[in-house]
Amino acid sequence: MPAPDPPARREGLAGASVFHGVTGFCAGDPKARHPGRAPHLRDHGPCLVIIVDDERRLHSFLPRVADVLGETAAVATLDQVRIHGPDSAG
């Protein structure tokens, strides 16, 4: 049975990238660093999710992941970016 679609895909956001860290630390969470365990065996290793889309769509998506932000040491940041690529005008 295939895994269910991630929330960002279900919401139709333009794209997302997920990066899993080897180790990490957080001043407020002593469980965030697991130096003795292999990265693929960690219960909650460091992770970064980057989603690029229209600001309005990102703001409407945040309430859908509020439970994750509220139950973990996770935070959400919104940054304005300019996309540069072969098809962009500048």
# chains A, B, ... in the order shown; residues from 1 in each chain; ligands from 1

$ residues_around --residues "segment 56-71 of chain A" --least-positions-apart "3" --cutoff "9 Å" --atoms "only C-alpha atoms" --output "JSON, numbers by chain"
{"A": [7, 8, 11, 13, 51, 52, 53, 74, 75, 76, 78]}

$ write_last_selection --atoms "all heavy atoms" --output "mmCIF file, in the first residue's frame"
data_model
loop_
_atom_site.group_PDB
_atom_site.id
_atom_site.type_symbol
_atom_site.label_atom_id
_atom_site.label_comp_id
_atom_site.auth_asym_id
_atom_site.auth_seq_id
_atom_site.Cartn_x
_atom_site.Cartn_y
_atom_site.Cartn_z
ATOM 1 N N PRO A 7 0.836 16.517 3.520
ATOM 2 C CA PRO A 7 -0.140 17.611 3.561
ATOM 3 C C PRO A 7 0.097 18.684 2.501
ATOM 4 O O PRO A 7 -0.853 19.190 1.909
ATOM 5 C CB PRO A 7 0.014 18.192 4.963
ATOM 6 C CG PRO A 7 0.625 17.109 5.774
ATOM 7 C CD PRO A 7 1.449 16.289 4.827
ATOM 8 N N ALA A 8 1.346 19.050 2.237
ATOM 9 C CA ALA A 8 1.621 20.093 1.245
ATOM 10 C C ALA A 8 1.158 19.663 -0.146
ATOM 11 O O ALA A 8 0.627 20.470 -0.913
ATOM 12 C CB ALA A 8 3.109 20.438 1.227
ATOM 13 N N GLU A 11 -2.634 19.814 -0.361
ATOM 14 C CA GLU A 11 -3.098 21.202 -0.468
ATOM 15 C C GLU A 11 -2.772 21.819 -1.817
ATOM 16 O O GLU A 11 -3.164 22.939 -2.090
ATOM 17 C CB GLU A 11 -2.490 22.053 0.644
ATOM 18 C CG GLU A 11 -2.973 21.683 2.016
ATOM 19 C CD GLU A 11 -4.458 21.924 2.206
ATOM 20 O OE1 GLU A 11 -4.965 22.952 1.738
ATOM 21 O OE2 GLU A 11 -5.110 21.070 2.816
ATOM 22 N N LEU A 13 0.242 22.717 -2.980
ATOM 23 C CA LEU A 13 1.326 23.694 -2.972
ATOM 24 C C LEU A 13 2.323 23.359 -4.073
ATOM 25 O O LEU A 13 2.451 22.210 -4.489
ATOM 26 C CB LEU A 13 2.002 23.746 -1.606
ATOM 27 C CG LEU A 13 1.084 24.230 -0.472
ATOM 28 C CD1 LEU A 13 1.800 24.167 0.869
ATOM 29 C CD2 LEU A 13 0.603 25.639 -0.732
ATOM 30 N N ILE A 51 9.090 24.861 1.643
ATOM 31 C CA ILE A 51 7.973 24.914 0.699
ATOM 32 C C ILE A 51 7.998 26.287 0.040
ATOM 33 O O ILE A 51 8.022 27.307 0.726
ATOM 34 C CB ILE A 51 6.619 24.703 1.401
ATOM 35 C CG1 ILE A 51 6.605 23.365 2.131
ATOM 36 C CG2 ILE A 51 5.479 24.795 0.390
ATOM 37 C CD1 ILE A 51 5.379 23.156 3.001
ATOM 38 N N VAL A 52 7.994 26.304 -1.277
ATOM 39 C CA VAL A 52 7.986 27.561 -2.022
ATOM 40 C C VAL A 52 6.651 27.667 -2.749
ATOM 41 O O VAL A 52 6.278 26.794 -3.523
ATOM 42 C CB VAL A 52 9.153 27.613 -3.038
ATOM 43 C CG1 VAL A 52 9.103 28.900 -3.842
ATOM 44 C CG2 VAL A 52 10.491 27.471 -2.327
ATOM 45 N N ASP A 53 5.931 28.733 -2.451
ATOM 46 C CA ASP A 53 4.642 28.973 -3.096
ATOM 47 C C ASP A 53 4.254 30.416 -2.841
ATOM 48 O O ASP A 53 4.997 31.165 -2.204
ATOM 49 C CB ASP A 53 3.571 28.015 -2.543
ATOM 50 C CG ASP A 53 2.448 27.773 -3.555
ATOM 51 O OD1 ASP A 53 1.939 28.759 -4.129
ATOM 52 O OD2 ASP A 53 2.082 26.616 -3.758
ATOM 53 N N ALA A 74 9.396 22.296 16.711
ATOM 54 C CA ALA A 74 9.412 22.852 15.364
ATOM 55 C C ALA A 74 8.950 24.298 15.345
ATOM 56 O O ALA A 74 8.166 24.731 16.186
ATOM 57 C CB ALA A 74 8.511 22.016 14.447
ATOM 58 N N VAL A 75 9.431 25.027 14.376
ATOM 59 C CA VAL A 75 8.999 26.394 14.128
ATOM 60 C C VAL A 75 8.739 26.546 12.639
ATOM 61 O O VAL A 75 9.233 25.777 11.819
ATOM 62 C CB VAL A 75 10.056 27.440 14.578
ATOM 63 C CG1 VAL A 75 10.274 27.376 16.070
ATOM 64 C CG2 VAL A 75 11.356 27.270 13.836
ATOM 65 N N ALA A 76 7.974 27.542 12.289
ATOM 66 C CA ALA A 76 7.727 27.876 10.888
ATOM 67 C C ALA A 76 8.223 29.293 10.655
ATOM 68 O O ALA A 76 7.984 30.177 11.475
ATOM 69 C CB ALA A 76 6.242 27.775 10.557
ATOM 70 N N LEU A 78 8.478 32.305 7.499
ATOM 71 C CA LEU A 78 8.059 32.700 6.160
ATOM 72 C C LEU A 78 9.038 33.761 5.668
ATOM 73 O O LEU A 78 9.211 34.795 6.313
ATOM 74 C CB LEU A 78 6.637 33.260 6.167
ATOM 75 C CG LEU A 78 5.539 32.283 6.574
ATOM 76 C CD1 LEU A 78 4.203 32.985 6.672
ATOM 77 C CD2 LEU A 78 5.462 31.138 5.577
#

$ atom_distance --atom1 "atom CA of Ala16 of chain A" --atom2 "atom CA of Val49 of chain A"
6.8 Å
